[in-house]
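Note sheet for the following structure.
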Amino acid sequence: MSKEINFIFSSITFLQYYIPIVIHGNKNGYKSIFYIRKNIKKYASPCTTENKNILQKYAKKYNILIKNEINFKTLKNLIVVDGDIYGPSEICKQDSLILKKKYNENIKIISLCENINFNWVYAKFIDYVSYVILMNEIYANTYKCISDKNLYYGNTKYDNILDKLDIYKKYKLKENNKYFLILLPKCKFIKSFKIIKKEIDNIISIIENLGYTVLLKTRPKDNFFNFTQKIIISDIYPNESLELMKISEYCLFFSSSCIEETIMMEIPAIDFVVDDNFVRCDFLYDNECIVKFTEWKTIKIDVFKELINKIKKKNDDKFKILKNKYLNESNCTEKIFNLIK
């Protein structure tokens, strides 16, 4: 009987979490099968023409079998993200994991986490999965998502990051430049915080006047403004933000859970606050590695220089201390694969 790894694929953004497992499976003689489900968010749905084409490209490259129908009775394993509550399902009227209870109690269902989205849906899926893969126990304690099913393995998106030279080559960047990465604000914050392009342009101008080459990164659904600087627009595999952090000296973002990524990549960061309602990964905020600033809309170069001078330099030992305490650098993919074998 052939060896298989089964995935519920309900968002194009899941590629960054699934592909490392697919690659590991290929090396060990496992066939990966993606079962397609529609997503209520059109930009993420693998059923749109644009996302179908993206998926087909990855399926060809990594020898992934794509199916639209699933027979739960025959499955031994199933990998999902955040309990696969992204429906509505095109396979059936009910939730797929509830059907697991009805038709096959022996399916081993492993739920990965997309950023900290589990915080809002954990209670809805925990009874229907076998394991939940979290970065570290502090995530479960902070967001009150406690269960014996939790396994603190890290995150697969950190497992296959390119070397610096390959990253420079990929993005056609000069090795000798000093890069400053800006993760542009989400559309919802652009609207709610009334952000105008002139304010972003001012930040870019300040950074360039300090001698840095600015790299801009955004997601396809958040591509709101047009810029002359190099901009990377993507939300798939590999995680381009991680690659760009690896070659940049600093990272600036706007109220984002990417703070975890900045600590993992050991890059000092500035958080220009646009969301006062929810602090993401607040346990990771450390004034030596990241600084928050609220009055950024009219920021001047001298104030910006003060912010930079407050934080540690790239790859400082303080980042390693935070990683050891709050994150997980082990190979998450290998640990998940051991659950499947």
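To be explicit about the labels: the chains of the structure tokens are called A, B, and onward in the order shown, and within each one the residues are counted from 1, while ligands get numbers from 1 in the order they are shown.
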
Residue contacts of Ile133 of chain A (10 Å, only C-alpha atoms) excluding same-chain residues fewer than 6 positions away, as a PyMOL selection string | chain A and resi 81-82+110-113+149-156+332+335-336

Contact check, segment 208-228 of chain A to segment 13-25 of chain A, at most 12 Å, counting only C-alpha atoms, closest pairs as a tab-separated table:
```
residue	atom	partner	partner_atom	distance
A:Arg219	CA	A:Thr13	CA	10.1
A:Pro220	CA	A:Thr13	CA	10.8
A:Lys221	CA	A:Thr13	CA	11.6
```

Which neighbours of Ser256 of chain A fall inside 12 Å, counting only C-alpha atoms, when residues of the same chain fewer than 2 positions from it are skipped, and could you give them as a compact mmCIF listing (two decimals) with N, CA and C atoms, in the first residue's frame?
```txt
# COMPACT_ATOMS: atom_id res chain seq x y z
N ASN A 115 -0.20 31.96 11.90
CA ASN A 115 0.04 33.11 12.78
C ASN A 115 -0.66 32.86 14.13
N ILE A 116 -1.46 33.79 14.63
CA ILE A 116 -2.17 33.57 15.89
C ILE A 116 -3.68 33.49 15.66
N ILE A 182 10.25 47.22 5.05
CA ILE A 182 8.98 47.76 5.55
C ILE A 182 7.86 46.80 5.16
N LEU A 183 7.17 46.26 6.15
CA LEU A 183 5.98 45.45 5.90
C LEU A 183 4.79 46.40 5.92
N LEU A 184 4.24 46.66 4.77
CA LEU A 184 3.21 47.68 4.64
C LEU A 184 1.95 47.33 5.42
N PRO A 185 1.19 48.33 5.86
CA PRO A 185 -0.01 48.07 6.67
C PRO A 185 -1.10 47.35 5.89
N LYS A 186 -1.91 46.61 6.63
CA LYS A 186 -3.06 45.93 6.04
C LYS A 186 -4.08 46.97 5.56
N PHE A 189 -6.31 48.50 8.16
CA PHE A 189 -5.71 49.54 8.98
C PHE A 189 -5.50 50.82 8.18
N THR A 218 4.20 43.38 0.88
CA THR A 218 2.78 43.39 1.23
C THR A 218 2.14 42.11 0.71
N CYS A 251 13.58 46.04 10.44
CA CYS A 251 12.24 45.79 9.90
C CYS A 251 11.26 46.75 10.57
N LEU A 252 10.39 47.33 9.77
CA LEU A 252 9.33 48.20 10.28
C LEU A 252 8.00 47.60 9.87
N PHE A 253 7.06 47.56 10.82
CA PHE A 253 5.73 47.04 10.50
C PHE A 253 4.67 47.83 11.24
N PHE A 254 3.42 47.51 10.95
CA PHE A 254 2.29 48.26 11.49
C PHE A 254 1.34 47.28 12.22
N CYS A 258 3.81 39.64 13.00
CA CYS A 258 5.13 39.31 12.46
C CYS A 258 6.24 39.56 13.47
N ILE A 259 5.89 40.10 14.63
CA ILE A 259 6.90 40.26 15.68
C ILE A 259 7.58 38.93 15.97
N GLU A 260 6.82 37.82 15.92
CA GLU A 260 7.43 36.50 16.10
C GLU A 260 8.50 36.26 15.04
N GLU A 261 8.20 36.63 13.81
CA GLU A 261 9.15 36.42 12.72
C GLU A 261 10.40 37.27 12.90
N THR A 262 10.24 38.49 13.40
CA THR A 262 11.41 39.36 13.59
C THR A 262 12.35 38.79 14.66
N ALA A 269 13.32 45.60 15.23
CA ALA A 269 12.08 46.02 14.57
C ALA A 269 11.46 47.24 15.24
N ILE A 270 10.72 47.98 14.42
CA ILE A 270 9.95 49.13 14.88
C ILE A 270 8.49 48.88 14.55
N ASP A 271 7.65 49.00 15.55
CA ASP A 271 6.22 48.79 15.38
C ASP A 271 5.51 50.14 15.40
N PHE A 272 5.04 50.58 14.24
CA PHE A 272 4.22 51.80 14.19
C PHE A 272 2.77 51.37 14.43
N VAL A 273 2.26 51.74 15.58
CA VAL A 273 0.98 51.23 16.07
C VAL A 273 -0.19 51.80 15.26
N VAL A 274 -1.05 50.88 14.78
CA VAL A 274 -2.28 51.28 14.08
C VAL A 274 -3.50 50.57 14.67
N ASP A 275 -3.26 49.67 15.63
CA ASP A 275 -4.35 48.92 16.24
C ASP A 275 -4.16 48.91 17.75
N ASP A 276 -4.99 49.66 18.45
CA ASP A 276 -4.90 49.72 19.92
C ASP A 276 -5.77 48.68 20.61
N PHE A 278 -5.86 45.29 20.12
CA PHE A 278 -5.32 43.95 20.35
C PHE A 278 -3.81 43.98 20.16
N VAL A 279 -3.07 43.58 21.20
CA VAL A 279 -1.62 43.51 21.11
C VAL A 279 -1.23 42.08 20.78
N ARG A 280 -0.61 41.89 19.64
CA ARG A 280 -0.24 40.56 19.16
C ARG A 280 1.07 40.11 19.80
N CYS A 281 1.04 38.91 20.36
CA CYS A 281 2.26 38.33 20.96
C CYS A 281 2.94 39.31 21.91
N ASP A 282 2.17 39.86 22.83
CA ASP A 282 2.71 40.90 23.71
C ASP A 282 3.89 40.41 24.55
N TYR A 285 7.32 41.41 23.13
CA TYR A 285 7.75 42.81 23.06
C TYR A 285 8.85 43.07 24.08
N LYS A 292 7.94 50.24 20.09
CA LYS A 292 6.63 50.67 19.60
C LYS A 292 6.58 52.19 19.55
```

Could you name the residues that touch Leu244 of chain A at 8 Å or less, counting only C-alpha atoms, but leaving out those on the same chain fewer than 3 positions away, as a PyMOL selection string?
-> chain A and resi 167+181+215+240-241+247-248

Could you pull the residues within 10 Å of Asn6 of chain A, counting only C-alpha atoms, minus those fewer than 4 positions along the same chain, as a list of chain:residue names?
->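 Using only C-alpha atoms, the neighbours found are A:Val22, A:Tyr30, A:Lys31, A:Ser32, A:Ile33, A:Phe34, A:Tyr35, A:Leu65, A:Ile70, A:Leu75, A:Lys76, A:Asn77, A:Leu78, A:Ile79, A:Val80, A:Ile109, A:Ile340.
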
Next, write the just-selected residues to a file, as a PDB file, in the first residue's frame, keeping N, CA and C atoms as the atom set.
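Okay, this is what ended up in result_21.pdb:
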```pdb
ATOM      1  N   VAL A  22       5.539  18.545   2.530  1.00  0.00           N
ATOM      2  CA  VAL A  22       5.515  17.856   1.235  1.00  0.00           C
ATOM      3  C   VAL A  22       6.930  17.478   0.812  1.00  0.00           C
ATOM      4  N   TYR A  30       6.698   9.415   0.492  1.00  0.00           N
ATOM      5  CA  TYR A  30       5.279   9.674   0.771  1.00  0.00           C
ATOM      6  C   TYR A  30       4.685  10.548  -0.334  1.00  0.00           C
ATOM      7  N   LYS A  31       3.505  10.170  -0.790  1.00  0.00           N
ATOM      8  CA  LYS A  31       2.766  10.962  -1.765  1.00  0.00           C
ATOM      9  C   LYS A  31       1.890  11.964  -1.033  1.00  0.00           C
ATOM     10  N   SER A  32       1.971  13.237  -1.421  1.00  0.00           N
ATOM     11  CA  SER A  32       1.141  14.273  -0.796  1.00  0.00           C
ATOM     12  C   SER A  32      -0.112  14.504  -1.624  1.00  0.00           C
ATOM     13  N   ILE A  33      -1.252  14.546  -0.938  1.00  0.00           N
ATOM     14  CA  ILE A  33      -2.540  14.764  -1.593  1.00  0.00           C
ATOM     15  C   ILE A  33      -3.213  15.980  -0.972  1.00  0.00           C
ATOM     16  N   PHE A  34      -3.548  16.958  -1.817  1.00  0.00           N
ATOM     17  CA  PHE A  34      -4.266  18.150  -1.370  1.00  0.00           C
ATOM     18  C   PHE A  34      -5.745  17.999  -1.727  1.00  0.00           C
ATOM     19  N   TYR A  35      -6.604  18.041  -0.708  1.00  0.00           N
ATOM     20  CA  TYR A  35      -8.049  18.018  -0.924  1.00  0.00           C
ATOM     21  C   TYR A  35      -8.553  19.456  -0.877  1.00  0.00           C
ATOM     22  N   LEU A  65      -0.654  15.563  -5.608  1.00  0.00           N
ATOM     23  CA  LEU A  65      -1.905  15.138  -6.238  1.00  0.00           C
ATOM     24  C   LEU A  65      -3.036  16.009  -5.700  1.00  0.00           C
ATOM     25  N   ILE A  70     -13.205  13.824  -1.045  1.00  0.00           N
ATOM     26  CA  ILE A  70     -12.456  13.135   0.005  1.00  0.00           C
ATOM     27  C   ILE A  70     -13.306  12.030   0.615  1.00  0.00           C
ATOM     28  N   LEU A  75      -8.865   7.371   5.046  1.00  0.00           N
ATOM     29  CA  LEU A  75      -7.694   8.166   5.436  1.00  0.00           C
ATOM     30  C   LEU A  75      -7.090   7.702   6.762  1.00  0.00           C
ATOM     31  N   LYS A  76      -5.760   7.730   6.808  1.00  0.00           N
ATOM     32  CA  LYS A  76      -5.054   7.445   8.055  1.00  0.00           C
ATOM     33  C   LYS A  76      -4.561   8.728   8.725  1.00  0.00           C
ATOM     34  N   ASN A  77      -4.316   9.741   7.924  1.00  0.00           N
ATOM     35  CA  ASN A  77      -3.839  10.998   8.468  1.00  0.00           C
ATOM     36  C   ASN A  77      -4.448  12.157   7.697  1.00  0.00           C
ATOM     37  N   LEU A  78      -4.467  13.320   8.329  1.00  0.00           N
ATOM     38  CA  LEU A  78      -5.013  14.517   7.698  1.00  0.00           C
ATOM     39  C   LEU A  78      -4.381  15.737   8.363  1.00  0.00           C
ATOM     40  N   ILE A  79      -3.768  16.582   7.566  1.00  0.00           N
ATOM     41  CA  ILE A  79      -3.168  17.808   8.084  1.00  0.00           C
ATOM     42  C   ILE A  79      -4.039  18.990   7.677  1.00  0.00           C
ATOM     43  N   VAL A  80      -4.341  19.847   8.653  1.00  0.00           N
ATOM     44  CA  VAL A  80      -5.208  21.007   8.424  1.00  0.00           C
ATOM     45  C   VAL A  80      -4.542  22.231   9.059  1.00  0.00           C
ATOM     46  N   ILE A 109      -5.608  13.507  12.918  1.00  0.00           N
ATOM     47  CA  ILE A 109      -5.739  14.856  12.379  1.00  0.00           C
ATOM     48  C   ILE A 109      -4.791  15.797  13.125  1.00  0.00           C
ATOM     49  N   ILE A 340       3.181  11.193  11.713  1.00  0.00           N
ATOM     50  CA  ILE A 340       2.476  10.587  10.587  1.00  0.00           C
ATOM     51  C   ILE A 340       2.944   9.170  10.306  1.00  0.00           C
TER      52      ILE A 340
END
```

Give the answer as one residue: which of A:Tyr122, A:Tyr43, A:Phe7, A:Phe227 has the shortest atom-to-atom distance to Asn68 of chain A, using only C-alpha atoms?
-> A:Phe7

Could you check which of A:Asp84, A:Lys313, A:Lys41, A:Glu105 is closest to Val132 of chain A, using only C-alpha atoms?
-> A:Asp84

Using only C-alpha atoms, which residues sit within 10 Å of Pro268 of chain A once same-chain residues fewer than 6 positions away are excluded, as a PyMOL selection string?
-> chain A and resi 245+248-252+259+262+287-291+308+310-316+319

How would the residues just chosen look if you wrote them out with C-alpha atoms as an mmCIF file, in the first residue's frame?
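Okay, this is what ended up in out24.cif:
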```cif
data_model
loop_
_atom_site.group_PDB
_atom_site.id
_atom_site.type_symbol
_atom_site.label_atom_id
_atom_site.label_comp_id
_atom_site.auth_asym_id
_atom_site.auth_seq_id
_atom_site.Cartn_x
_atom_site.Cartn_y
_atom_site.Cartn_z
ATOM 1 C CA MET A 245 14.303 39.827 7.055
ATOM 2 C CA SER A 248 17.837 43.337 6.049
ATOM 3 C CA GLU A 249 19.290 45.340 8.937
ATOM 4 C CA TYR A 250 15.938 46.509 10.322
ATOM 5 C CA CYS A 251 12.242 45.792 9.904
ATOM 6 C CA LEU A 252 9.333 48.198 10.280
ATOM 7 C CA ILE A 259 6.904 40.262 15.681
ATOM 8 C CA THR A 262 11.414 39.360 13.586
ATOM 9 C CA ASN A 287 12.356 47.330 24.308
ATOM 10 C CA GLU A 288 15.842 46.134 23.406
ATOM 11 C CA CYS A 289 14.770 44.222 20.277
ATOM 12 C CA ILE A 290 11.612 46.020 19.246
ATOM 13 C CA VAL A 291 10.236 49.476 19.909
ATOM 14 C CA ILE A 308 16.872 52.915 15.815
ATOM 15 C CA LYS A 310 17.260 52.363 21.198
ATOM 16 C CA ILE A 311 17.261 48.800 19.877
ATOM 17 C CA LYS A 312 19.879 46.089 19.537
ATOM 18 C CA LYS A 313 21.680 45.401 16.295
ATOM 19 C CA LYS A 314 20.948 42.468 14.007
ATOM 20 C CA ASN A 315 21.767 39.022 15.479
ATOM 21 C CA ASP A 316 22.445 40.379 18.972
ATOM 22 C CA PHE A 319 17.392 37.738 20.264
#
```

Assign secondary structure with DSSP using the backbone only, and return the residues of segment 139-226 of chain A in alpha helix (DSSP H) as a ChimeraX atom specification.
-> /A:139-142,164-171,187-192,197-209

Can you write just those residues out, C-alpha atoms, as a PDB file, in the first residue's frame?
```
ATOM      1  CA  TYR A 139       1.185  30.805  23.214  1.00  0.00           C
ATOM      2  CA  ALA A 140      -1.278  28.350  24.746  1.00  0.00           C
ATOM      3  CA  ASN A 141      -1.079  30.014  28.156  1.00  0.00           C
ATOM      4  CA  THR A 142      -1.354  33.563  26.813  1.00  0.00           C
ATOM      5  CA  LYS A 164      21.646  34.899   2.068  1.00  0.00           C
ATOM      6  CA  LEU A 165      23.405  34.598  -1.290  1.00  0.00           C
ATOM      7  CA  ASP A 166      20.428  32.743  -2.761  1.00  0.00           C
ATOM      8  CA  ILE A 167      18.064  35.422  -1.429  1.00  0.00           C
ATOM      9  CA  TYR A 168      20.078  38.225  -3.024  1.00  0.00           C
ATOM     10  CA  LYS A 169      20.011  36.309  -6.279  1.00  0.00           C
ATOM     11  CA  LYS A 170      16.304  35.536  -6.081  1.00  0.00           C
ATOM     12  CA  TYR A 171      15.307  39.194  -5.651  1.00  0.00           C
ATOM     13  CA  CYS A 187      -5.868  47.486   4.020  1.00  0.00           C
ATOM     14  CA  LYS A 188      -8.177  47.407   7.013  1.00  0.00           C
ATOM     15  CA  PHE A 189      -5.707  49.542   8.977  1.00  0.00           C
ATOM     16  CA  ILE A 190      -5.115  51.869   6.038  1.00  0.00           C
ATOM     17  CA  LYS A 191      -8.833  52.566   6.110  1.00  0.00           C
ATOM     18  CA  SER A 192      -9.508  52.547   9.865  1.00  0.00           C
ATOM     19  CA  LYS A 197       0.446  57.511   0.907  1.00  0.00           C
ATOM     20  CA  LYS A 198       2.220  60.738   1.819  1.00  0.00           C
ATOM     21  CA  GLU A 199       2.764  59.392   5.360  1.00  0.00           C
ATOM     22  CA  ILE A 200       4.352  56.181   4.055  1.00  0.00           C
ATOM     23  CA  ASP A 201       6.442  58.189   1.580  1.00  0.00           C
ATOM     24  CA  ASN A 202       7.763  60.285   4.459  1.00  0.00           C
ATOM     25  CA  ILE A 203       8.919  57.160   6.310  1.00  0.00           C
ATOM     26  CA  ILE A 204      10.593  55.807   3.179  1.00  0.00           C
ATOM     27  CA  SER A 205      12.336  59.139   2.564  1.00  0.00           C
ATOM     28  CA  ILE A 206      13.689  59.212   6.129  1.00  0.00           C
ATOM     29  CA  ILE A 207      15.068  55.684   5.862  1.00  0.00           C
ATOM     30  CA  GLU A 208      16.680  56.374   2.485  1.00  0.00           C
ATOM     31  CA  ASN A 209      18.266  59.567   3.844  1.00  0.00           C
TER      32      ASN A 209
END
```

Find the spatial neighbours of Leu322 of chain A, counting only C-alpha atoms, within a cut-off of 10 Å - ignore same-chain residues fewer than 3 positions away - and output them as a ChimeraX atom specification.
-> /A:263-264,266,283-286,289,317-319,325-328

Just to be explicit: take each residue in the selection above, keep N, CA and C atoms, and write the result as a PDB file, in the first residue's frame.
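result.pdb, freshly written:
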```pdb
ATOM      1  N   ILE A 263      11.769  38.219  15.719  1.00  0.00           N
ATOM      2  CA  ILE A 263      12.602  37.609  16.758  1.00  0.00           C
ATOM      3  C   ILE A 263      13.288  36.363  16.216  1.00  0.00           C
ATOM      4  N   MET A 264      12.561  35.534  15.482  1.00  0.00           N
ATOM      5  CA  MET A 264      13.139  34.317  14.910  1.00  0.00           C
ATOM      6  C   MET A 264      14.283  34.645  13.955  1.00  0.00           C
ATOM      7  N   GLU A 266      16.055  37.347  14.102  1.00  0.00           N
ATOM      8  CA  GLU A 266      17.015  38.156  14.843  1.00  0.00           C
ATOM      9  C   GLU A 266      17.247  39.519  14.193  1.00  0.00           C
ATOM     10  N   PHE A 283       3.979  39.095  24.799  1.00  0.00           N
ATOM     11  CA  PHE A 283       5.077  38.545  25.589  1.00  0.00           C
ATOM     12  C   PHE A 283       6.420  38.661  24.847  1.00  0.00           C
ATOM     13  N   LEU A 284       6.377  38.910  23.544  1.00  0.00           N
ATOM     14  CA  LEU A 284       7.609  39.034  22.767  1.00  0.00           C
ATOM     15  C   LEU A 284       8.137  40.464  22.710  1.00  0.00           C
ATOM     16  N   TYR A 285       7.317  41.412  23.130  1.00  0.00           N
ATOM     17  CA  TYR A 285       7.750  42.810  23.057  1.00  0.00           C
ATOM     18  C   TYR A 285       8.855  43.065  24.076  1.00  0.00           C
ATOM     19  N   ASP A 286       9.974  43.479  23.562  1.00  0.00           N
ATOM     20  CA  ASP A 286      11.138  43.746  24.390  1.00  0.00           C
ATOM     21  C   ASP A 286      11.768  45.038  23.887  1.00  0.00           C
ATOM     22  N   CYS A 289      14.814  44.840  21.605  1.00  0.00           N
ATOM     23  CA  CYS A 289      14.770  44.222  20.277  1.00  0.00           C
ATOM     24  C   CYS A 289      13.672  44.797  19.392  1.00  0.00           C
ATOM     25  N   ASP A 317      22.815  38.887  20.848  1.00  0.00           N
ATOM     26  CA  ASP A 317      22.536  37.738  21.715  1.00  0.00           C
ATOM     27  C   ASP A 317      21.175  37.827  22.388  1.00  0.00           C
ATOM     28  N   LYS A 318      20.637  39.047  22.547  1.00  0.00           N
ATOM     29  CA  LYS A 318      19.335  39.196  23.196  1.00  0.00           C
ATOM     30  C   LYS A 318      18.236  38.480  22.410  1.00  0.00           C
ATOM     31  N   PHE A 319      18.369  38.455  21.080  1.00  0.00           N
ATOM     32  CA  PHE A 319      17.392  37.738  20.264  1.00  0.00           C
ATOM     33  C   PHE A 319      17.423  36.243  20.582  1.00  0.00           C
ATOM     34  N   LYS A 325      13.509  31.327  25.124  1.00  0.00           N
ATOM     35  CA  LYS A 325      12.473  31.415  26.157  1.00  0.00           C
ATOM     36  C   LYS A 325      11.061  31.292  25.597  1.00  0.00           C
ATOM     37  N   TYR A 326      10.810  31.917  24.439  1.00  0.00           N
ATOM     38  CA  TYR A 326       9.439  32.053  23.962  1.00  0.00           C
ATOM     39  C   TYR A 326       9.120  31.350  22.643  1.00  0.00           C
ATOM     40  N   LEU A 327      10.155  30.958  21.895  1.00  0.00           N
ATOM     41  CA  LEU A 327       9.900  30.387  20.570  1.00  0.00           C
ATOM     42  C   LEU A 327      10.435  28.968  20.492  1.00  0.00           C
ATOM     43  N   ASN A 328      10.727  28.505  19.293  1.00  0.00           N
ATOM     44  CA  ASN A 328      11.177  27.125  19.120  1.00  0.00           C
ATOM     45  C   ASN A 328      11.919  27.041  17.790  1.00  0.00           C
TER      46      ASN A 328
END
```

From the list A:Trp296, A:Phe180, A:Tyr158, A:Phe72, which residue is nearest Lys217 of chain A when using only C-alpha atoms?
->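 Closest to Lys217 of chain A of all the choices is A:Phe180.
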
By how many Å are atom CA of Ser234 of chain A and atom CA of Lys52 of chain A apart?
->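 Pair atom CA of Ser234 of chain A / atom CA of Lys52 of chain A returns 15.1 Å.
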
List every residue of segment 81-294 of chain A that DSSP, applied to the backbone of this structure, assigns to strand (DSSP E), and report them as number ranges by chain.
-> A: 81, 108-112, 131-134, 150-152, 179-183, 213-218, 231-233, 248-253, 269-272, 290-293
